[in-house]
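One file, data_0.txt, carrying compact mmCIF, C-alpha atoms:
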```txt
# COMPACT_ATOMS: atom_id res chain seq x y z
CA MET A 13 -78.43 62.98 11.13
CA ARG A 14 -78.56 59.25 10.45
CA ALA A 15 -81.11 58.00 7.95
CA VAL A 16 -81.98 54.94 5.87
CA VAL A 17 -81.27 55.65 2.20
CA TRP A 18 -81.81 53.88 -1.12
CA ASN A 19 -78.68 53.26 -3.17
CA GLY A 20 -79.92 50.80 -5.75
CA THR A 21 -82.07 47.70 -6.19
CA ARG A 22 -81.79 45.63 -2.98
CA ASP A 23 -79.20 48.13 -1.69
CA VAL A 24 -80.39 50.01 1.40
CA ARG A 25 -77.87 51.65 3.74
CA THR A 26 -77.82 53.75 6.88
CA GLU A 27 -75.88 56.93 6.22
CA THR A 28 -75.31 60.44 7.53
CA VAL A 29 -77.38 63.02 5.62
CA PRO A 30 -78.09 66.73 6.19
CA ASP A 31 -80.53 67.58 8.97
CA PRO A 32 -83.91 68.83 7.76
CA ARG A 33 -84.79 72.46 8.44
CA ILE A 34 -87.72 74.84 8.26
CA GLU A 35 -88.06 75.81 4.59
CA ARG A 36 -91.55 77.31 4.51
CA PRO A 37 -93.55 79.19 7.14
CA ASP A 38 -95.98 76.30 7.59
CA ASP A 39 -93.26 73.65 8.14
CA ALA A 40 -92.42 71.78 11.31
CA VAL A 41 -89.47 69.55 12.11
CA ILE A 42 -90.04 66.55 14.35
CA ARG A 43 -87.60 64.33 16.18
CA VAL A 44 -88.62 60.83 15.11
CA THR A 45 -89.10 58.40 18.00
CA SER A 46 -90.55 55.46 16.00
CA SER A 47 -90.78 54.76 12.28
CA GLY A 48 -92.20 51.67 10.64
CA LEU A 49 -90.88 49.48 7.85
CA CYS A 50 -93.82 48.97 5.49
CA GLY A 51 -94.47 46.29 2.91
CA SER A 52 -94.70 49.13 0.39
CA ASP A 53 -91.08 49.98 1.17
CA LEU A 54 -90.16 46.61 -0.32
CA HIS A 55 -91.57 47.77 -3.65
CA LEU A 56 -88.86 50.43 -3.67
CA TYR A 57 -86.30 47.86 -2.55
CA GLU A 58 -87.02 45.50 -5.42
CA VAL A 59 -89.47 46.75 -8.06
CA LEU A 60 -89.76 50.54 -8.33
CA GLY A 61 -86.05 51.35 -8.56
CA PRO A 62 -86.47 53.23 -11.87
CA PHE A 63 -88.30 55.95 -9.94
CA MET A 64 -85.67 56.24 -7.19
CA ASN A 65 -82.45 58.22 -6.91
CA ALA A 66 -79.37 57.23 -4.95
CA GLY A 67 -79.51 58.86 -1.54
CA ASP A 68 -83.32 59.05 -1.29
CA VAL A 69 -84.34 58.77 2.37
CA LEU A 70 -86.91 56.01 2.86
CA GLY A 71 -89.87 55.55 5.19
CA HIS A 72 -93.40 56.89 5.64
CA GLU A 73 -94.71 55.61 9.00
CA PRO A 74 -93.39 58.00 11.66
CA MET A 75 -94.27 59.50 14.97
CA GLY A 76 -92.22 61.74 17.20
CA VAL A 77 -91.92 65.02 19.07
CA VAL A 78 -92.13 68.48 17.54
CA GLU A 79 -88.70 70.15 17.64
CA GLU A 80 -89.24 73.35 15.66
CA VAL A 81 -92.19 75.09 13.99
CA GLY A 82 -92.51 77.78 11.36
CA PRO A 83 -94.60 80.90 12.09
CA ASP A 84 -97.61 79.60 10.15
CA ALA A 85 -97.63 76.14 11.76
CA THR A 86 -100.25 77.30 14.20
CA GLY A 87 -101.50 75.02 16.94
CA LEU A 88 -98.17 73.21 17.19
CA ALA A 89 -95.43 73.75 19.74
CA PRO A 90 -92.05 72.20 20.52
CA GLY A 91 -92.40 69.19 22.78
CA GLN A 92 -95.78 68.13 21.35
CA ARG A 93 -96.14 64.44 20.54
CA VAL A 94 -97.52 63.71 17.08
CA VAL A 95 -98.09 61.04 14.43
CA VAL A 96 -97.41 61.98 10.80
CA PRO A 97 -99.70 60.48 8.11
CA PHE A 98 -97.84 58.96 5.19
CA GLN A 99 -99.32 61.37 2.64
CA ILE A 100 -99.06 65.15 2.59
CA SER A 101 -102.31 67.08 2.15
CA CYS A 102 -103.49 70.67 2.47
CA GLY A 103 -106.59 70.05 4.59
CA HIS A 104 -108.86 72.58 2.88
CA CYS A 105 -109.23 71.83 -0.85
CA PRO A 106 -112.43 70.13 -2.12
CA MET A 107 -110.71 66.73 -2.14
CA CYS A 108 -109.45 67.07 1.45
CA GLU A 109 -112.80 68.35 2.68
CA ALA A 110 -114.47 65.35 1.05
CA GLY A 111 -112.12 63.02 2.95
CA PHE A 112 -109.84 62.17 0.01
CA GLN A 113 -106.52 63.44 1.32
CA THR A 114 -104.69 61.12 -1.09
CA GLN A 115 -106.17 63.14 -3.95
CA CYS A 116 -105.31 66.57 -2.51
CA ASP A 117 -105.59 69.30 -5.14
CA ASN A 118 -102.57 71.14 -3.77
CA THR A 119 -100.07 68.33 -3.18
CA ARG A 120 -100.72 66.01 -6.13
CA VAL A 121 -97.66 65.16 -8.19
CA GLU A 122 -99.08 66.60 -11.39
CA SER A 123 -95.88 66.03 -13.38
CA ARG A 124 -96.40 62.28 -12.96
CA GLY A 125 -100.19 62.28 -13.06
CA MET A 126 -100.20 60.88 -9.51
CA GLY A 127 -101.98 61.66 -6.25
CA ALA A 128 -100.80 63.40 -3.11
CA SER A 129 -97.10 63.46 -2.24
CA ILE A 130 -95.87 60.68 0.05
CA TYR A 131 -92.83 60.68 2.33
CA GLY A 132 -89.93 58.57 1.11
CA TYR A 133 -91.78 57.07 -1.83
CA SER A 134 -90.00 57.75 -5.11
CA ALA A 135 -90.32 60.36 -7.83
CA LEU A 136 -93.83 59.07 -8.51
CA TYR A 137 -94.93 60.71 -5.27
CA GLY A 138 -92.71 63.76 -5.17
CA SER A 139 -89.30 62.49 -3.97
CA VAL A 140 -90.06 63.82 -0.48
CA PRO A 141 -87.36 62.86 2.08
CA GLY A 142 -88.66 60.01 4.21
CA ALA A 143 -89.10 59.16 7.86
CA GLN A 144 -86.67 56.32 8.61
CA ALA A 145 -84.43 58.99 10.03
CA GLU A 146 -83.64 60.87 13.20
CA TYR A 147 -85.54 63.96 12.08
CA LEU A 148 -88.28 64.75 9.55
CA ARG A 149 -89.44 67.95 7.91
CA VAL A 150 -93.26 68.06 7.82
CA PRO A 151 -94.73 70.44 5.21
CA ARG A 152 -98.18 71.98 5.84
CA ALA A 153 -97.69 70.80 9.39
CA LYS A 154 -100.87 72.06 11.04
CA ASP A 155 -102.98 70.17 8.49
CA ASN A 156 -100.91 66.99 8.52
CA VAL A 157 -99.75 65.96 11.96
CA ILE A 158 -102.09 64.14 14.34
CA PRO A 159 -101.54 65.13 17.99
CA VAL A 160 -101.59 62.13 20.33
CA PRO A 161 -101.49 61.84 24.14
CA SER A 162 -98.17 62.38 25.84
CA GLN A 163 -98.63 59.15 27.82
CA GLY A 164 -98.50 55.60 26.50
CA PRO A 165 -95.93 53.70 24.43
CA ASP A 166 -95.16 54.65 20.84
CA ASP A 167 -96.50 51.27 19.71
CA ARG A 168 -99.97 52.41 20.77
CA TYR A 169 -100.06 55.31 18.30
CA VAL A 170 -97.45 54.87 15.56
CA TYR A 171 -99.74 52.76 13.36
CA LEU A 172 -102.02 55.77 12.89
CA SER A 173 -99.49 56.85 10.26
CA ASP A 174 -100.42 54.04 7.85
CA VAL A 175 -101.24 50.52 9.06
CA LEU A 176 -104.41 51.32 10.99
CA PRO A 177 -106.07 53.70 8.50
CA THR A 178 -105.08 51.48 5.57
CA ALA A 179 -106.64 48.44 7.24
CA TRP A 180 -109.65 50.48 8.41
CA GLN A 181 -110.30 51.85 4.93
CA GLY A 182 -109.88 48.37 3.48
CA VAL A 183 -112.65 47.10 5.76
CA GLU A 184 -114.81 50.18 5.15
CA TYR A 185 -114.49 49.79 1.40
CA ALA A 186 -115.28 46.07 1.67
CA GLU A 187 -118.83 46.96 2.74
CA ILE A 188 -119.18 43.84 4.90
CA PRO A 189 -122.87 43.45 5.83
CA ASP A 190 -123.83 43.25 9.51
CA GLY A 191 -122.98 39.71 10.59
CA GLY A 192 -121.44 39.06 7.19
CA THR A 193 -118.33 37.26 6.01
CA VAL A 194 -115.05 38.49 4.58
CA ALA A 195 -111.94 36.83 3.21
CA VAL A 196 -108.60 38.62 3.54
CA LEU A 197 -105.92 37.62 1.04
CA GLY A 198 -102.46 38.19 2.52
CA LEU A 199 -101.79 38.21 6.26
CA GLY A 200 -98.93 40.67 6.35
CA PRO A 201 -99.29 43.70 8.64
CA ILE A 202 -102.10 45.32 6.64
CA GLY A 203 -103.97 42.07 6.04
CA GLU A 204 -103.77 40.90 9.63
CA MET A 205 -104.81 44.31 10.95
CA ALA A 206 -107.73 44.30 8.51
CA CYS A 207 -108.82 40.98 10.03
CA ARG A 208 -108.71 42.51 13.52
CA VAL A 209 -110.67 45.57 12.40
CA ALA A 210 -113.28 43.44 10.61
CA LEU A 211 -113.85 41.30 13.71
CA HIS A 212 -114.00 44.40 15.93
CA ARG A 213 -116.59 45.96 13.64
CA GLY A 214 -118.89 42.94 13.71
CA ALA A 215 -118.00 40.56 10.91
CA ALA A 216 -119.37 37.13 11.82
CA ARG A 217 -116.55 35.21 10.16
CA VAL A 218 -113.18 36.29 8.82
CA PHE A 219 -111.18 33.98 6.55
CA GLY A 220 -107.46 34.72 6.21
CA VAL A 221 -105.25 33.33 3.44
CA ASP A 222 -101.44 33.30 3.48
CA PRO A 223 -98.72 30.79 2.55
CA VAL A 224 -96.54 31.64 5.59
CA PRO A 225 -97.36 29.38 8.61
CA GLU A 226 -96.24 31.97 11.20
CA ARG A 227 -98.57 34.57 9.73
CA ARG A 228 -101.47 32.15 9.73
CA ALA A 229 -100.77 31.32 13.37
CA ARG A 230 -100.78 35.02 14.35
CA ALA A 231 -104.14 35.58 12.69
CA ALA A 232 -105.66 32.37 14.05
CA ALA A 233 -104.80 33.50 17.59
CA ARG A 234 -107.11 36.49 17.01
CA GLY A 235 -110.07 34.38 15.88
CA VAL A 236 -109.44 34.29 12.12
CA GLU A 237 -110.19 31.10 10.19
CA VAL A 238 -106.95 30.61 8.27
CA PHE A 239 -106.03 28.85 5.04
CA ASP A 240 -102.79 28.07 3.28
CA LEU A 241 -102.45 29.14 -0.34
CA PRO A 242 -102.37 25.92 -2.38
CA SER A 243 -100.87 25.73 -5.85
CA ASP A 244 -104.37 24.98 -7.13
CA THR A 245 -106.37 28.03 -6.00
CA ASP A 246 -109.61 26.33 -7.04
CA GLU A 247 -109.16 24.19 -3.93
CA LEU A 248 -108.94 27.27 -1.73
CA VAL A 249 -112.03 28.81 -3.30
CA GLU A 250 -113.98 25.60 -2.77
CA GLN A 251 -112.88 25.32 0.88
CA ILE A 252 -114.10 28.81 1.71
CA ARG A 253 -117.31 28.41 -0.29
CA GLU A 254 -118.09 25.31 1.76
CA ARG A 255 -118.06 27.53 4.86
CA THR A 256 -120.34 30.14 3.29
CA ASP A 257 -123.23 27.95 2.12
CA GLY A 258 -121.62 27.51 -1.27
CA ARG A 259 -121.90 31.21 -2.14
CA GLY A 260 -118.51 32.65 -1.25
CA PRO A 261 -117.86 35.45 1.26
CA ASP A 262 -119.77 38.71 1.06
CA SER A 263 -116.53 40.63 0.69
CA VAL A 264 -112.88 40.02 -0.16
CA ILE A 265 -109.97 42.26 0.82
CA ASP A 266 -106.88 41.91 -1.38
CA ALA A 267 -104.00 42.91 0.89
CA VAL A 268 -101.33 41.44 -1.42
CA GLY A 269 -101.18 43.68 -4.48
CA MET A 270 -97.94 43.84 -6.45
CA GLU A 271 -95.63 41.35 -4.79
CA ALA A 272 -92.32 42.92 -3.81
CA GLN A 273 -90.42 39.84 -5.00
CA GLY A 274 -92.43 39.33 -8.15
CA HIS A 275 -93.54 35.96 -9.50
CA GLY A 276 -93.17 34.09 -12.75
CA THR A 277 -93.26 36.34 -15.83
CA ALA A 278 -93.94 39.38 -13.65
CA ARG A 279 -90.76 38.68 -11.70
CA LEU A 280 -88.77 38.37 -14.92
CA ALA A 281 -90.21 41.67 -16.15
CA GLN A 282 -89.37 43.38 -12.86
CA ARG A 283 -85.80 42.07 -12.89
CA ALA A 284 -85.36 43.06 -16.56
CA VAL A 285 -86.48 46.58 -15.70
CA SER A 286 -83.83 46.78 -12.94
CA TRP A 287 -81.11 46.17 -15.55
CA MET A 288 -82.30 48.87 -17.96
CA PRO A 289 -81.27 52.54 -18.06
CA LYS A 290 -83.37 54.48 -15.56
CA GLY A 291 -85.33 56.56 -18.08
CA ALA A 292 -86.25 53.61 -20.28
CA ALA A 293 -87.10 51.45 -17.27
CA ALA A 294 -89.41 54.08 -15.80
CA LYS A 295 -91.20 54.48 -19.12
CA LEU A 296 -91.67 50.73 -19.44
CA MET A 297 -93.11 50.42 -15.94
CA GLU A 298 -95.55 53.26 -16.66
CA THR A 299 -96.85 51.57 -19.82
CA ALA A 300 -96.54 47.82 -19.18
CA GLY A 301 -98.26 45.25 -17.00
CA VAL A 302 -95.70 44.13 -14.43
CA ASP A 303 -98.00 43.02 -11.63
CA ARG A 304 -98.78 39.54 -10.48
CA LEU A 305 -102.58 39.54 -10.48
CA ALA A 306 -102.99 36.11 -8.87
CA ALA A 307 -104.45 37.48 -5.61
CA PHE A 308 -106.89 39.74 -7.46
CA GLN A 309 -107.93 36.84 -9.71
CA VAL A 310 -108.61 34.71 -6.61
CA ALA A 311 -110.64 37.56 -5.11
CA ILE A 312 -112.79 37.77 -8.24
CA ASP A 313 -113.38 34.02 -8.24
CA LEU A 314 -113.97 33.81 -4.49
CA VAL A 315 -116.36 36.67 -3.73
CA ARG A 316 -120.05 35.90 -3.92
CA ARG A 317 -122.17 37.27 -6.74
CA GLY A 318 -123.11 40.85 -5.95
CA GLY A 319 -120.27 41.04 -3.42
CA THR A 320 -117.52 43.61 -2.93
CA ILE A 321 -113.76 43.49 -3.48
CA SER A 322 -111.59 45.97 -1.60
CA LEU A 323 -108.03 46.46 -2.85
CA SER A 324 -105.55 47.57 -0.19
CA GLY A 325 -102.47 46.06 -1.80
CA VAL A 326 -100.48 48.35 -4.09
CA TYR A 327 -100.53 47.64 -7.83
CA GLY A 328 -98.14 49.35 -10.22
CA GLY A 329 -98.74 48.25 -13.82
CA MET A 330 -100.65 50.33 -16.35
CA THR A 331 -101.83 47.61 -18.73
CA ASP A 332 -102.54 44.66 -16.47
CA PRO A 333 -105.21 42.41 -18.02
CA LEU A 334 -108.46 42.13 -16.06
CA PRO A 335 -111.28 39.58 -16.47
CA MET A 336 -113.89 42.23 -17.23
CA LEU A 337 -116.47 39.66 -18.35
CA THR A 338 -116.42 37.95 -14.94
CA LEU A 339 -116.43 41.25 -13.02
CA PHE A 340 -119.46 42.37 -15.03
CA ASP A 341 -121.29 39.04 -14.95
CA LYS A 342 -120.92 38.62 -11.18
CA GLN A 343 -121.94 42.26 -10.62
CA ILE A 344 -118.93 42.80 -8.36
CA ARG A 345 -118.40 46.11 -6.62
CA LEU A 346 -114.77 47.21 -6.55
CA ARG A 347 -113.15 49.88 -4.36
CA MET A 348 -109.50 50.73 -3.93
CA GLY A 349 -106.89 53.37 -3.24
CA GLN A 350 -104.31 54.71 -0.81
CA ALA A 351 -105.70 55.27 2.67
CA ASN A 352 -107.00 58.74 3.52
CA VAL A 353 -105.34 58.87 6.93
CA ARG A 354 -106.79 62.10 8.33
CA HIS A 355 -110.30 61.01 7.32
CA TRP A 356 -110.19 57.83 9.38
CA ALA A 357 -108.06 58.98 12.33
CA PRO A 358 -111.02 60.29 14.41
CA ASP A 359 -112.67 56.85 14.22
CA ILE A 360 -109.49 55.00 15.19
CA LEU A 361 -107.90 57.19 17.86
CA PRO A 362 -110.51 56.43 20.57
CA LEU A 363 -109.63 52.72 20.26
CA LEU A 364 -105.99 53.34 21.15
CA ASP A 365 -106.39 53.32 24.90
CA GLU A 366 -105.26 50.97 27.63
CA GLN A 367 -107.84 48.35 26.64
CA ASP A 368 -105.99 47.96 23.31
CA VAL A 369 -108.88 46.24 21.55
CA LEU A 370 -106.91 45.96 18.29
CA GLY A 371 -103.77 44.60 19.95
CA VAL A 372 -101.47 47.30 18.64
CA GLU A 373 -99.06 47.28 21.57
CA ASP A 374 -97.69 43.82 20.74
CA PHE A 375 -98.17 44.06 16.96
CA ALA A 376 -94.50 44.64 16.09
CA THR A 377 -92.11 41.70 16.12
CA HIS A 378 -88.89 43.73 15.95
CA HIS A 379 -87.75 47.05 17.43
CA LEU A 380 -84.46 47.98 15.79
CA SER A 381 -82.04 50.85 15.42
CA LEU A 382 -81.58 52.64 12.12
CA GLU A 383 -78.16 51.00 11.84
CA GLU A 384 -79.88 47.62 11.56
CA ALA A 385 -82.03 48.70 8.60
CA PRO A 386 -80.15 46.89 5.79
CA GLU A 387 -80.59 43.52 7.49
CA ALA A 388 -84.18 44.37 8.44
CA TYR A 389 -85.07 45.01 4.79
CA ARG A 390 -83.51 41.71 3.72
CA ASN A 391 -85.23 39.73 6.45
CA PHE A 392 -88.59 41.35 5.82
CA GLN A 393 -88.46 40.67 2.10
CA GLU A 394 -87.34 37.08 2.57
CA LYS A 395 -89.67 36.51 5.57
CA ARG A 396 -86.75 35.38 7.72
CA ASP A 397 -86.13 35.55 11.47
CA GLY A 398 -89.85 35.86 12.19
CA THR A 399 -89.84 39.36 10.70
CA PHE A 400 -93.44 40.53 10.50
CA LYS A 401 -93.53 44.18 11.55
CA VAL A 402 -90.41 46.28 12.19
CA LEU A 403 -90.31 49.57 14.07
CA PHE A 404 -87.13 51.57 13.91
CA ARG A 405 -86.17 53.51 17.04
CA PRO A 406 -83.83 56.33 15.90
```
Please, can you express the file's structure as structure tokens?
Amino acid sequence: MRAVVWNGTRDVRTETVPDPRIERPDDAVIRVTSSGLCGSDLHLYEVLGPFMNAGDVLGHEPMGVVEEVGPDATGLAPGQRVVVPFQISCGHCPMCEAGFQTQCDNTRVESRGMGASIYGYSALYGSVPGAQAEYLRVPRAKDNVIPVPSQGPDDRYVYLSDVLPTAWQGVEYAEIPDGGTVAVLGLGPIGEMACRVALHRGAARVFGVDPVPERRARAAARGVEVFDLPSDTDELVEQIRERTDGRGPDSVIDAVGMEAQGHGTARLAQRAVSWMPKGAAAKLMETAGVDRLAAFQVAIDLVRRGGTISLSGVYGGMTDPLPMLTLFDKQIRLRMGQANVRHWAPDILPLLDEQDVLGVEDFATHHLSLEEAPEAYRNFQEKRDGTFKVLFRP
């Protein structure tokens, strides 16, 4: 089959790789019909190379049609249309039953001290072959796939794999009061979708911050009050405080996290790591602070006293410095983590009907073949050609 594979830092190719097959009785194999390119994939493209191996298949946002099922994959049948959450979970351990599929007791990558395995996302999360491919093996299939209606375009359902539950959890964790205010830092796919979810769920005002004019325009068209990111972030904080009676918003969602291109000293550290031997580089990234914390610092400054910060953006450093005095003094609540897809899917799925209240059907800007993946990665990272959200159509 054809698949998108990692071959080195900023080196993604479309190659022929072996077809997946049933390996365990509870496996299924799906024929992928749509698979997203996620901002997190750019971390592998640029930053997390020390945890990758040449030939790793990328991607973790798929949907498709069941092709083959093992004898224990009960409830599934060939021809069934499904979405596959980005993490793999067992569905029945205490963590899964509590709604924390990302912390699954039976799929955690214990050798790395990490949470549940993730498709196409490095040795940190199990080196599981990814979903930017023609076919995908789904372990523990009956507890992982989400059946969706046979009718309706892929664009209506594919975001159940990651974008929608990540944005939904970000808003849930933000604890926005009824009629309250929220600022969203970063208007990429997750940030913009978080704005849409917050407005749908009753936020009175949503402030969106991003330096890219096209992204601000997209969000503004959905009713978001948008702001550029000035070099002096004090100016931004003051502008938003003026619109919230001088207090700051009730909640802030950081949808930036570790920037895939790095910045300043963090960028130098990330580039230095890419030149080091793999083992030494991986060790350094596990023990050093390589994140740019600018967005998180703005969130801490911006949120009102007693407010909540929700982190949806991915951070990767182990020793990043935090302003603990300010967090403590402002009595800020802080929640974070990978989205627990299966936990939120029942809340989201009823919204994915013909009314399309979240605007998912026109969310993607590009529908491309797998062969176009190398250019898609470059354009997405460099924010060229209006690239906002890419769906591959194998």
Problem set entry | Point-to-point distance in Å for atom CA of Asp359 of chain A and atom CA of Tyr131 of chain A |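 Separating atom CA of Tyr131 of chain A from atom CA of Asp359 of chain A is a distance of 23.4 Å.
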For this session: Would you list the residues near (-99.3, 37.2, 13.8) (no more than 12 Å away, in the coordinates of the file, using only C-alpha atoms) as a ChimeraX atom specification?
Result: /A:198-205,207-208,220,222,224-236,238,371-372,374-377,398-401
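Counting from atom CA of Gln309 of chain A, the distance to atom CA of His212 of chain A is 27.4 Å.
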Fewer than 6 positions away in the same chain doesn't count, so skip those; otherwise give me all residues within 10 Å of Glu383 of chain A, counting all atoms listed in the file, as a PDB file with C-alpha atoms, in the coordinates of the input.
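The new file out-v4.pdb reads:
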```
ATOM      1  CA  ARG A  14     -78.560  59.250  10.450  1.00  0.00           C
ATOM      2  CA  ALA A  15     -81.110  58.000   7.950  1.00  0.00           C
ATOM      3  CA  VAL A  16     -81.980  54.940   5.870  1.00  0.00           C
ATOM      4  CA  ARG A  25     -77.870  51.650   3.740  1.00  0.00           C
ATOM      5  CA  THR A  26     -77.820  53.750   6.880  1.00  0.00           C
ATOM      6  CA  GLU A  27     -75.880  56.930   6.220  1.00  0.00           C
ATOM      7  CA  PHE A 404     -87.130  51.570  13.910  1.00  0.00           C
ATOM      8  CA  ARG A 405     -86.170  53.510  17.040  1.00  0.00           C
ATOM      9  CA  PRO A 406     -83.830  56.330  15.900  1.00  0.00           C
TER      10      PRO A 406
END
```
For this session: Would you mind reading off the distance between atom CA of Arg93 of chain A and atom CA of Val77 of chain A, one decimal, in Å?
Result: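 Interatomic distance here is 4.5 Å.
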For this session: Find the residue from A:Asp368, A:Glu35, A:Glu58, A:Asp244 that sits nearest to Gly82 of chain A; use all atoms listed in the file when measuring.
Result: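 With all atoms listed in the file as the atom set, the closest residue is A:Glu35.
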Problem set entry | Who sits within 10 Å of Asp313 of chain A, all atoms listed in the file, same chain under 6 positions skipped, as a count of residues only | 8
Exercise. If we count only C-alpha atoms, what is near Pro74 of chain A at a cut-off of 6 Å, once residues fewer than 5 positions away on the same chain are taken out, given as a PyMOL selection string?
Worked result: chain A and resi 46-47+96+143
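Counting all atoms listed in the file and comparing A:Gln343, A:Ser52, A:Asn352, A:Gln163, the residue that lies closest to Ser101 of chain A is A:Asn352.
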Seminar exercise, completed: Shortest contact to Asp53 of chain A, candidates A:Leu363, A:Met126, A:Ala186, A:Val69, atoms counted all atoms listed in the file, goes to A:Val69
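The closest residue to Cys102 of chain A, picked from A:Ala357, A:Ala153, A:Val209, A:Ala306 and counting only C-alpha atoms, is A:Ala153.
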Exercise. So, counting all atoms listed in the file, which residue among A:Ala267, A:Ala210, A:Ala128, A:Ile42 is closest to Val183 of chain A?
Worked result: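 For Val183 of chain A, the nearest of the given residues is A:Ala210.
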Dig up all the protein and nucleic acid residues within 8 Å of (-90.6, 72.9, 4.7) in the file frame, using all atoms listed in the file, and format them as a PDB file with C-alpha atoms, keeping the file's coordinate frame.
```
ATOM      1  CA  ARG A  33     -84.790  72.460   8.440  1.00  0.00           C
ATOM      2  CA  ILE A  34     -87.720  74.840   8.260  1.00  0.00           C
ATOM      3  CA  GLU A  35     -88.060  75.810   4.590  1.00  0.00           C
ATOM      4  CA  ARG A  36     -91.550  77.310   4.510  1.00  0.00           C
ATOM      5  CA  PRO A  37     -93.550  79.190   7.140  1.00  0.00           C
ATOM      6  CA  ASP A  38     -95.980  76.300   7.590  1.00  0.00           C
ATOM      7  CA  ASP A  39     -93.260  73.650   8.140  1.00  0.00           C
ATOM      8  CA  ALA A  40     -92.420  71.780  11.310  1.00  0.00           C
ATOM      9  CA  ARG A 149     -89.440  67.950   7.910  1.00  0.00           C
ATOM     10  CA  VAL A 150     -93.260  68.060   7.820  1.00  0.00           C
ATOM     11  CA  PRO A 151     -94.730  70.440   5.210  1.00  0.00           C
ATOM     12  CA  ARG A 152     -98.180  71.980   5.840  1.00  0.00           C
TER      13      ARG A 152
END
```
For this session: Please provide the set of residues having any atom within 7 Å of Tyr147 of chain A, restricted to all atoms listed in the file, with same-chain residues fewer than 5 positions apart removed, written as a PyMOL selection string.
Result: chain A and resi 31-32+41-44
For this session: Tell me which of A:Leu176, A:Asp84, A:Val194, A:His55 sits closest to Gly132 of chain A, counting all atoms listed in the file.
Result: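 Counting all atoms listed in the file, the residue closest to Gly132 of chain A is A:His55.
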Could you give me, as an mmCIF file with C-alpha atoms, in the coordinates of the input, the residues within 10 Å of Gln113 of chain A, counting only C-alpha atoms and dropping anything in the same chain fewer than 5 positions from it?
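Listing of result34.cif after writing:
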```cif
data_model
loop_
_atom_site.group_PDB
_atom_site.id
_atom_site.type_symbol
_atom_site.label_atom_id
_atom_site.label_comp_id
_atom_site.auth_asym_id
_atom_site.auth_seq_id
_atom_site.Cartn_x
_atom_site.Cartn_y
_atom_site.Cartn_z
ATOM 1 C CA GLN A 99 -99.320 61.370 2.640
ATOM 2 C CA ILE A 100 -99.060 65.150 2.590
ATOM 3 C CA SER A 101 -102.310 67.080 2.150
ATOM 4 C CA CYS A 102 -103.490 70.670 2.470
ATOM 5 C CA GLY A 103 -106.590 70.050 4.590
ATOM 6 C CA HIS A 104 -108.860 72.580 2.880
ATOM 7 C CA CYS A 105 -109.230 71.830 -0.850
ATOM 8 C CA PRO A 106 -112.430 70.130 -2.120
ATOM 9 C CA MET A 107 -110.710 66.730 -2.140
ATOM 10 C CA CYS A 108 -109.450 67.070 1.450
ATOM 11 C CA THR A 119 -100.070 68.330 -3.180
ATOM 12 C CA ARG A 120 -100.720 66.010 -6.130
ATOM 13 C CA GLY A 127 -101.980 61.660 -6.250
ATOM 14 C CA ALA A 128 -100.800 63.400 -3.110
ATOM 15 C CA ASN A 156 -100.910 66.990 8.520
ATOM 16 C CA GLN A 350 -104.310 54.710 -0.810
ATOM 17 C CA ALA A 351 -105.700 55.270 2.670
ATOM 18 C CA ASN A 352 -107.000 58.740 3.520
ATOM 19 C CA VAL A 353 -105.340 58.870 6.930
ATOM 20 C CA ARG A 354 -106.790 62.100 8.330
ATOM 21 C CA HIS A 355 -110.300 61.010 7.320
#
```
Set up a box along x, y and z of the file covering all listed atoms of segment 211-216 of chain A, add 5 Å on every one of the six sides, and write the centre and edge lengths in Å to one decimal, as AutoDock Vina command-line options.
```
--center_x -116.6 --center_y 41.5 --center_z 13.4 --size_x 15.5 --size_y 18.8 --size_z 15.0
```
